[in-house]
Every structure is written in C-alpha cells, then in structure tokens.
Amino acid sequence: MAGDSLDLLNDLIQAARRAGADAADAVLIDGTSVSLAQRLGVPERLERSESTDVGLRVLIGRRQAIVSSSDTRRPALDELVERAVAMAATVPEDPYCGLAGPDQIATHVPEIDICDPRAIDAETLKDWSRRAEEAARAVPGVTNSEGAEASWSQTRVALAATNGFAETYARSNVSLGVSVLAGEGTAMERDYEFTSAVYAEDLDAPESVGTSAGEKAVKRLKPRKMPTVRVPVVYDPRAGRSLLSHLAGAVNGAAVARGTTFLRKSLDAKLFPDAIRIVDDPRRKRGLGSRPFDGEGLSAERLNIVDGGVLKTWLLDLRSARQLGLTSTGRAARGISSPPSPSTTNLYLEAGTVSPEALYGDVKSGFYVTELIGMGVNTVTGDYSRGASGFWIEDGALAFPVSEITIAGDLKEMFANLSAADDLVFRYATNTPTVRIEGMTVAGQ
C-alpha cells in the first residue's frame with residue numbers, strides 16, 4: 001500500500017515537471033473511519049467512510065498553485081497536472097514559497113508507534129457507547145442523556161517531492177465520549193467526559209468515562225451567580241489547554257511575519273515564571289499529535305517553545321522562516337488543498353511540583369474554571385475575555401458551582417502570573433496540568 005501511494009505521487013510530480021513545473025510536491029491521504037452514536041440506549045447514527053484524496057502543488061519560478069482530487073484514476077490525475085500548471089503560470093509571485101532543499105529534508109523516519117494495527121468494528125463501538133451511557137445514567141441525579149459516541153479511524157499519509165523526499169506513515173485514533181444532564185426543568189445542567197487515544201488499549205474504560213460525566217453534571221446543579229471581583233482563577237486541565245492554544249496562535253510564524261500577534265517582539269523575552277516550560281514534541285510515543293516528519297518533509301524534533309519562562313522560538317514552516325530570515329522548526333502542516341502552514345503537534349505545559357489542591361489551597365476567594373464559552377480572545381492585542389462556568393473557591397476548597405461568569409485579563413499578564421500543578425495527563429494533542437493565574441477579573445452580576 002505504501003509503495004503504491006509513493007509510486008502514484010512520484011508519477012504525478014514527474015508529470016508536473018514534464019508539463020512545465022520547475023518543482024512540485026504531492027500528498028496522498030488514504031483513510032478509513034467508523035463512528036457510532038446512541039442516545040438512551042438506541043443507536044442513532046452509524047457511519048463508515050473510506051476515502052483517498054490527493055493534492056498537488058506545483059511551482060513555476062516563485063509562483064505556486066495547489067489543486068486536489070478524490071479521483072486517482074489516470075485521466076483525472078492528468079487533468080490535475082494540467083490545471084495546476086496552468087494556474088501556477090498565472091498567479092502572482094510569492095517570493096517566499098518553495099520546497100525544501102535536498103540538504104533540508106529528513107533522511108530518517110523514526111518509529112513513534114502511532115498506528116494501532118487493530119481495526120475497531122461497529123459492534124465494539126456500540127458496546128463502548130452503551131456501557132458509557134449506562135454508567136452515566138446510573139449516577140444519582142442524572143435525569144437525561146445527550147448521548148454517547150465512539151469512533152475509530154486509520155489514516156495513511158504519503159508525501160513526495162521533486163527534491164527527493166518520498167515517505168509515508170500511518171496513524172490511528174479511537175475515541176469515546178458521553179454527555180448527560182442532571183436536574184429537572186429549567187434547573188438542568190449538562191456535562192461530559194471524553195477519552196481519546198492512538199491505541200484502543202490506552203482508552204479509559206467506558207464505565208469510568210460514563211461515571212465521570214454523570215458526576216460532573218450532578219456537581220453543577222444549583223449554580224450561583226457571583227459579583228464582579230478580581231481574584232485568582234484556577235483552570236481545570238480541560239479548560240487550561242485553551243491557554244496553550246492562544247500561545248500557539250501568538251507564536252505561529254505566519255502571524256509573526258504578518259505582525260498580527262501581540263508577541264511579535266517577544267522572542268527571547270521572559271513571558272512566564274522561571275518554572276514554566278512549554279514543549280511541542282512530534283515524536284512522543286503514541287501521541288495524538290505525533291508525526292515522523294512535517295508537511296514539507298523536514299525532520300520533526302522536540303521543541304522547547306518556552307524554557308525557564310523565556311520564549312525561545314517561533315513555530316515555523318519554510319515560508320514563514322524565509323520571511324523572518326530564520327530556519328524552519330519543522331512545524332509545517334499540510335492538507336490536500338492548501339499550502340503548508342505552521343502548526344503544533346503534541347503541545348504541553350510541563351507539570352509543576354504541587355498537587356492541584358495545594359495549588360489553590362491558600363486561595364481565600366477565587367474561581368475554578370471547568371468550561372469556557374465563546375472566543376473573545378484577540379491575539380493581535382492580547383486582550384482576553386471569555387464566558388465560563390465552574391466552582392467558587394472559598395478558603396482553599398471548591399465550595400459551590402457558579403455559572404454565567406466572564407473572566408477577563410491580558411494574556412501577557414496572565415502568562416506572567418501562571419503556575420502549574422503536578423497533574424499533567426495526555427488526553428488530547430494539547431495538554432496542561434491544572435494551572436493558576438493571579439489577579440484576573442471575574443465578572444458576574
């Protein structure tokens with residue numbers, strides 16, 4: 001299969017060269033997926049899909065064009081080449097586009113164990129969903145269900161270019177989630193639990209997922225509204241990872257090159273306290289964001305984005321690196337119908353040295369965030385404002401649920417006043433432990 005994919009791509013890029021392209025690369029994504037959803041014990045949706053998509057990028061001088069197709073038959077590929085070359089001959093020049101040089105491409109593809117050879121069938125997904133939903137509904141106080149969903153996918157990615165790069169890798173993903181409601185009438189509250197992994201054996205047990213969802217929903221009953229105050233805010237890990245997403249957007253090389261980030265002049269500046277290290281690691285074994293090479297065929301290495309609280313690097317692909325006069329950090333992501341662009345892989349904030357309870361144990365009055373709403377974050381200015389719900393902290397303990405809260409601050413100030421607990425768990429491609437930020441505005445009544 002891998003050999004067939006590379007043969008197809010090599011034929012495609014050589015055809016582009018014959019048609020007048022100076023250089024070309026092509027990506028093929030071949031995937032199979034199964035997903036099943038049920039509610040109140042009744043299956044509502046079962047989907048299976050198989051797809052093969054190919055994208056071709058051609059360059060004529062400093063002009064480039066990208067075209068894609070889901071038809072891999074020879075006549076369709078011939079048409080793909082013709083369209084791509086014709087487009088590249090007419091589009092405006094881009095002085096920063098171009099493939100990697102032969103001395104830049106990866107020469108070794110590491111084994112990072114990101115594909116479970118076992119295929120998960122619909123009956124297994126149905127069993128997981130049933131068990132998760134039943135466990136959630138068995139929690140006292142749970143009154144209804146929004147349903148449970150399980151999915152499995154396996155994808156093979158092949159990339160070939162006229163600079164000599166030609167490699168493939170396969171990855172898999174399996175997930176299970178359930179969402180339920182507690183309470184009655186207008187006093188109902190909802191919450192969820194989710195687990196995802198590369199290997200099915202690494203998933204949390206369906207019963208554990210369901211019980212956690214049910215207990216979280218019940219704990220949210222009878223929320224209070226709070227007055228506007230300035231207090232410490234503690235982010236639960238599933239909410240805290242959004243902070244890393246905001247940082248990733250602000251250090252994305254494309255945004256830096258455009259000048260559309262509040263961190264554009266902050267390279268080598270102290271942004272966080274000394275204890276903070278933020279890592280992006282594409283080679284993490286069984287990582288949900290792992291990949292053996294990036295979307296331009298460059299080696300993907302571990303990157304300490306923040307070390308000792310200091311911003312050490314940008315997230316760079318070849319184009320943004322050329323704009324900034326720097327070297328790519330191997331962070332290009334590539335789709336079939338768009339050019340490469342910088343992205344993260346397995347992004348995480350390293351764990352601290354204290355428990356979550358100790359992290360907020362000295363807080364007399366504060367807010368523990370479990371869910372965020374809306375996207376009121378401006379990465380050009382650093383202004384931060386989001387709707388939130390969670391629990392009020394009194395005398396170092398979670399006292400009661402609160403809702404209809406807005407938390408606001410400035411991202412630079414938030415980063416400078418951030419501390420981390422020791423409970424880092426890799427549940428997503430972006431992860432944090434519990435984190436605390438001093439002195440945020442919590443707006444309520």
# chains A, B, ... in the order shown; residues from 1 in each chain; ligands from 1

$ select_by_dssp --residues "segment 290-337 of chain A" --states "strand (DSSP E)" --output "JSON, numbers by chain"
{"A": [303, 304, 305, 306, 307, 310, 311, 332, 333]}

$ closest_atom_pairs --of "segment 205-236 of chain A" --to "segment 391-395 of chain A" --cutoff "10 Å" --atoms "only C-alpha atoms" --output "JSON lines"
{"residue": "A:Lys219", "atom": "CA", "partner": "A:Phe391", "partner_atom": "CA", "distance": 9.2}
{"residue": "A:Arg220", "atom": "CA", "partner": "A:Phe391", "partner_atom": "CA", "distance": 8.2}
{"residue": "A:Pro223", "atom": "CA", "partner": "A:Phe391", "partner_atom": "CA", "distance": 8.4}
{"residue": "A:Arg224", "atom": "CA", "partner": "A:Trp392", "partner_atom": "CA", "distance": 9.0}
{"residue": "A:Lys225", "atom": "CA", "partner": "A:Trp392", "partner_atom": "CA", "distance": 9.8}
{"residue": "A:Met226", "atom": "CA", "partner": "A:Trp392", "partner_atom": "CA", "distance": 8.8}
{"residue": "A:Val231", "atom": "CA", "partner": "A:Ile393", "partner_atom": "CA", "distance": 9.9}
{"residue": "A:Pro232", "atom": "CA", "partner": "A:Ile393", "partner_atom": "CA", "distance": 9.3}
{"residue": "A:Val233", "atom": "CA", "partner": "A:Ile393", "partner_atom": "CA", "distance": 9.2}
{"residue": "A:Val234", "atom": "CA", "partner": "A:Ile393", "partner_atom": "CA", "distance": 9.1}

$ closest_residue --among "A:Arg258, A:Arg436, A:Arg118, A:Arg427" --to "Asp204 of chain A" --atoms "only C-alpha atoms"
A:Arg427

$ atom_distance --atom1 "atom CA of Asp307 of chain A" --atom2 "atom CA of Val279 of chain A"
8.4 Å

$ atom_distance --atom1 "atom CA of Ala239 of chain A" --atom2 "atom CA of Leu372 of chain A"
6.5 Å

$ residues_around --residues "Ala148 of chain A" --least-positions-apart "5" --cutoff "9 Å" --atoms "only C-alpha atoms" --output "PDB file with N, CA, C and O atoms, in the first residue's frame"
ATOM      1  N   LEU A  36     -20.123   5.723  15.655  1.00  0.00           N
ATOM      2  CA  LEU A  36     -21.456   5.305  16.083  1.00  0.00           C
ATOM      3  C   LEU A  36     -21.918   6.186  17.222  1.00  0.00           C
ATOM      4  O   LEU A  36     -21.143   6.483  18.140  1.00  0.00           O
ATOM      5  N   ALA A  37     -23.158   6.640  17.157  1.00  0.00           N
ATOM      6  CA  ALA A  37     -23.740   7.443  18.222  1.00  0.00           C
ATOM      7  C   ALA A  37     -25.030   6.787  18.691  1.00  0.00           C
ATOM      8  O   ALA A  37     -25.792   6.232  17.892  1.00  0.00           O
ATOM      9  N   GLN A  38     -25.265   6.842  19.996  1.00  0.00           N
ATOM     10  CA  GLN A  38     -26.511   6.337  20.538  1.00  0.00           C
ATOM     11  C   GLN A  38     -27.016   7.290  21.616  1.00  0.00           C
ATOM     12  O   GLN A  38     -26.250   8.043  22.221  1.00  0.00           O
ATOM     13  N   ARG A  39     -28.328   7.232  21.856  1.00  0.00           N
ATOM     14  CA  ARG A  39     -28.932   8.040  22.920  1.00  0.00           C
ATOM     15  C   ARG A  39     -30.033   7.238  23.589  1.00  0.00           C
ATOM     16  O   ARG A  39     -30.871   6.633  22.905  1.00  0.00           O
ATOM     17  N   LEU A  40     -29.990   7.215  24.900  1.00  0.00           N
ATOM     18  CA  LEU A  40     -30.964   6.473  25.700  1.00  0.00           C
ATOM     19  C   LEU A  40     -31.040   5.021  25.261  1.00  0.00           C
ATOM     20  O   LEU A  40     -32.123   4.426  25.178  1.00  0.00           O
ATOM     21  N   TRP A 128     -19.071  -0.056  23.615  1.00  0.00           N
ATOM     22  CA  TRP A 128     -18.462   1.016  24.411  1.00  0.00           C
ATOM     23  C   TRP A 128     -19.470   2.123  24.698  1.00  0.00           C
ATOM     24  O   TRP A 128     -19.568   2.603  25.829  1.00  0.00           O
ATOM     25  N   SER A 129     -20.202   2.543  23.677  1.00  0.00           N
ATOM     26  CA  SER A 129     -21.179   3.621  23.848  1.00  0.00           C
ATOM     27  C   SER A 129     -22.257   3.226  24.846  1.00  0.00           C
ATOM     28  O   SER A 129     -22.654   4.019  25.716  1.00  0.00           O
ATOM     29  N   ARG A 130     -22.749   2.005  24.705  1.00  0.00           N
ATOM     30  CA  ARG A 130     -23.802   1.528  25.619  1.00  0.00           C
ATOM     31  C   ARG A 130     -23.307   1.535  27.056  1.00  0.00           C
ATOM     32  O   ARG A 130     -23.981   2.044  27.963  1.00  0.00           O
ATOM     33  N   ALA A 132     -20.831   3.197  28.426  1.00  0.00           N
ATOM     34  CA  ALA A 132     -20.557   4.548  28.925  1.00  0.00           C
ATOM     35  C   ALA A 132     -21.851   5.264  29.285  1.00  0.00           C
ATOM     36  O   ALA A 132     -21.951   5.900  30.350  1.00  0.00           O
ATOM     37  N   GLU A 133     -22.853   5.181  28.411  1.00  0.00           N
ATOM     38  CA  GLU A 133     -24.104   5.881  28.682  1.00  0.00           C
ATOM     39  C   GLU A 133     -24.830   5.269  29.875  1.00  0.00           C
ATOM     40  O   GLU A 133     -25.380   5.991  30.716  1.00  0.00           O
ATOM     41  N   LEU A 176     -14.036   7.962  22.618  1.00  0.00           N
ATOM     42  CA  LEU A 176     -15.330   7.678  23.238  1.00  0.00           C
ATOM     43  C   LEU A 176     -15.717   8.871  24.083  1.00  0.00           C
ATOM     44  O   LEU A 176     -14.908   9.378  24.867  1.00  0.00           O
ATOM     45  N   GLY A 177     -16.953   9.320  23.938  1.00  0.00           N
ATOM     46  CA  GLY A 177     -17.435  10.436  24.741  1.00  0.00           C
ATOM     47  C   GLY A 177     -18.895  10.260  25.088  1.00  0.00           C
ATOM     48  O   GLY A 177     -19.650   9.586  24.377  1.00  0.00           O
ATOM     49  N   VAL A 178     -19.322  10.865  26.193  1.00  0.00           N
ATOM     50  CA  VAL A 178     -20.716  10.802  26.613  1.00  0.00           C
ATOM     51  C   VAL A 178     -21.081  12.114  27.286  1.00  0.00           C
ATOM     52  O   VAL A 178     -20.261  12.727  27.986  1.00  0.00           O
ATOM     53  N   SER A 179     -22.310  12.584  27.048  1.00  0.00           N
ATOM     54  CA  SER A 179     -22.802  13.822  27.625  1.00  0.00           C
ATOM     55  C   SER A 179     -24.176  13.576  28.226  1.00  0.00           C
ATOM     56  O   SER A 179     -25.051  12.995  27.565  1.00  0.00           O
ATOM     57  N   VAL A 180     -24.369  14.003  29.470  1.00  0.00           N
ATOM     58  CA  VAL A 180     -25.647  13.767  30.152  1.00  0.00           C
ATOM     59  C   VAL A 180     -26.105  15.032  30.875  1.00  0.00           C
ATOM     60  O   VAL A 180     -25.349  15.986  31.049  1.00  0.00           O
ATOM     61  N   GLY A 210     -18.313   7.145  31.628  1.00  0.00           N
ATOM     62  CA  GLY A 210     -19.706   7.449  31.923  1.00  0.00           C
ATOM     63  C   GLY A 210     -19.911   7.966  33.335  1.00  0.00           C
ATOM     64  O   GLY A 210     -20.612   8.958  33.554  1.00  0.00           O
TER      65      GLY A 210
END

$ closest_residue --among "A:Leu411, A:Ala397, A:Leu243, A:Ala160" --to "Phe262 of chain A" --atoms "only C-alpha atoms"
A:Leu411

$ closest_residue --among "A:Ile336, A:Ala213, A:Ile276, A:Val229" --to "Ile405 of chain A" --atoms "only C-alpha atoms"
A:Val229

$ closest_residue --among "A:Ala138, A:Cys115, A:Val306, A:Ala351" --to "Ser172 of chain A" --atoms "only C-alpha atoms"
A:Cys115

$ closest_residue --among "A:Ala21, A:Pro356, A:Val85, A:Arg73" --to "Asp422 of chain A" --atoms "only C-alpha atoms"
A:Pro356

$ select_by_dssp --residues "segment 323-393 of chain A" --states "alpha helix (DSSP H)" --output "list in words"
Gln323, Leu324, Pro356, Glu357, Ala358 and Leu359 of chain A

$ write_last_selection --atoms "N, CA, C and O atoms" --output "PDB file, in the first residue's frame"
ATOM      1  N   GLN A 323      10.508  34.389   5.455  1.00  0.00           N
ATOM      2  CA  GLN A 323      10.075  35.767   5.687  1.00  0.00           C
ATOM      3  C   GLN A 323      10.831  36.408   6.850  1.00  0.00           C
ATOM      4  O   GLN A 323      11.128  37.593   6.829  1.00  0.00           O
ATOM      5  N   LEU A 324      11.094  35.606   7.874  1.00  0.00           N
ATOM      6  CA  LEU A 324      11.717  36.128   9.088  1.00  0.00           C
ATOM      7  C   LEU A 324      13.236  35.996   9.091  1.00  0.00           C
ATOM      8  O   LEU A 324      13.895  36.389  10.055  1.00  0.00           O
ATOM      9  N   PRO A 356      -2.990  19.741  42.676  1.00  0.00           N
ATOM     10  CA  PRO A 356      -3.994  20.780  42.404  1.00  0.00           C
ATOM     11  C   PRO A 356      -4.563  21.385  43.679  1.00  0.00           C
ATOM     12  O   PRO A 356      -4.771  22.609  43.758  1.00  0.00           O
ATOM     13  N   GLU A 357      -4.806  20.547  44.679  1.00  0.00           N
ATOM     14  CA  GLU A 357      -5.365  21.048  45.942  1.00  0.00           C
ATOM     15  C   GLU A 357      -4.400  22.018  46.620  1.00  0.00           C
ATOM     16  O   GLU A 357      -4.816  23.047  47.180  1.00  0.00           O
ATOM     17  N   ALA A 358      -3.106  21.705  46.545  1.00  0.00           N
ATOM     18  CA  ALA A 358      -2.122  22.616  47.128  1.00  0.00           C
ATOM     19  C   ALA A 358      -1.990  23.892  46.310  1.00  0.00           C
ATOM     20  O   ALA A 358      -1.699  24.966  46.850  1.00  0.00           O
ATOM     21  N   LEU A 359      -2.214  23.781  44.993  1.00  0.00           N
ATOM     22  CA  LEU A 359      -2.087  24.940  44.119  1.00  0.00           C
ATOM     23  C   LEU A 359      -3.075  26.040  44.507  1.00  0.00           C
ATOM     24  O   LEU A 359      -2.746  27.225  44.451  1.00  0.00           O
TER      25      LEU A 359
END

$ closest_residue --among "A:Leu316, A:Ala106, A:Ala399, A:Leu288" --to "Asp202 of chain A" --atoms "only C-alpha atoms"
A:Leu288

$ residues_around --residues "Asp116 of chain A" --least-positions-apart "5" --cutoff "9 Å" --atoms "only C-alpha atoms" --output "compact mmCIF listing (two decimals) with N, CA, C and O atoms, in the first residue's frame"
# COMPACT_ATOMS: atom_id res chain seq x y z
N GLN A 154 -8.30 5.14 10.84
CA GLN A 154 -6.93 4.82 10.48
C GLN A 154 -6.61 5.55 9.18
O GLN A 154 -7.38 5.50 8.22
N ARG A 171 -1.38 6.45 10.86
CA ARG A 171 -1.75 6.75 12.22
C ARG A 171 -3.20 6.30 12.47
O ARG A 171 -3.99 6.14 11.52
N SER A 172 -3.52 6.06 13.72
CA SER A 172 -4.88 5.66 14.08
C SER A 172 -5.36 6.50 15.24
O SER A 172 -4.57 7.11 15.97
N ASN A 173 -6.66 6.54 15.40
CA ASN A 173 -7.27 7.27 16.51
C ASN A 173 -8.56 6.57 16.90
O ASN A 173 -9.32 6.14 16.05
N VAL A 198 -4.39 6.74 20.60
CA VAL A 198 -3.92 6.10 19.36
C VAL A 198 -4.27 4.62 19.38
O VAL A 198 -4.74 4.06 18.38
N TYR A 199 -4.04 3.97 20.50
CA TYR A 199 -4.33 2.55 20.67
C TYR A 199 -5.58 2.37 21.52
O TYR A 199 -5.73 3.03 22.56
N ALA A 200 -6.44 1.45 21.12
CA ALA A 200 -7.67 1.19 21.88
C ALA A 200 -7.37 0.77 23.31
O ALA A 200 -8.11 1.12 24.24

$ residues_around --residues "Arg286 of chain A" --least-positions-apart "5" --cutoff "7 Å" --atoms "only C-alpha atoms" --output "number ranges by chain"
A: 112-114, 198

$ write_last_selection --atoms "C-alpha atoms" --output "tab-separated table (two decimals), in the first residue's frame"
chain	number	residue	atom	x	y	z
A	112	ILE	CA	6.93	6.61	17.05
A	113	ASP	CA	4.22	3.93	17.36
A	114	ILE	CA	1.22	5.96	16.21
A	198	VAL	CA	-3.92	6.10	19.36

$ atom_distance --atom1 "atom CA of Gly253 of chain A" --atom2 "atom CA of Ser341 of chain A"
8.7 Å

$ closest_atom_pairs --of "segment 113-194 of chain A" --to "segment 3-12 of chain A" --cutoff "8 Å" --atoms "only C-alpha atoms" --output "CSV"
residue,atom,partner,partner_atom,distance
A:Ala158,CA,A:Ser5,CA,6.4
A:Leu159,CA,A:Leu6,CA,7.3
A:Ala160,CA,A:Leu9,CA,6.1
A:Ala161,CA,A:Asn10,CA,7.5
A:Ala166,CA,A:Leu6,CA,6.7
A:Glu167,CA,A:Leu6,CA,7.3
A:Thr168,CA,A:Leu6,CA,7.7
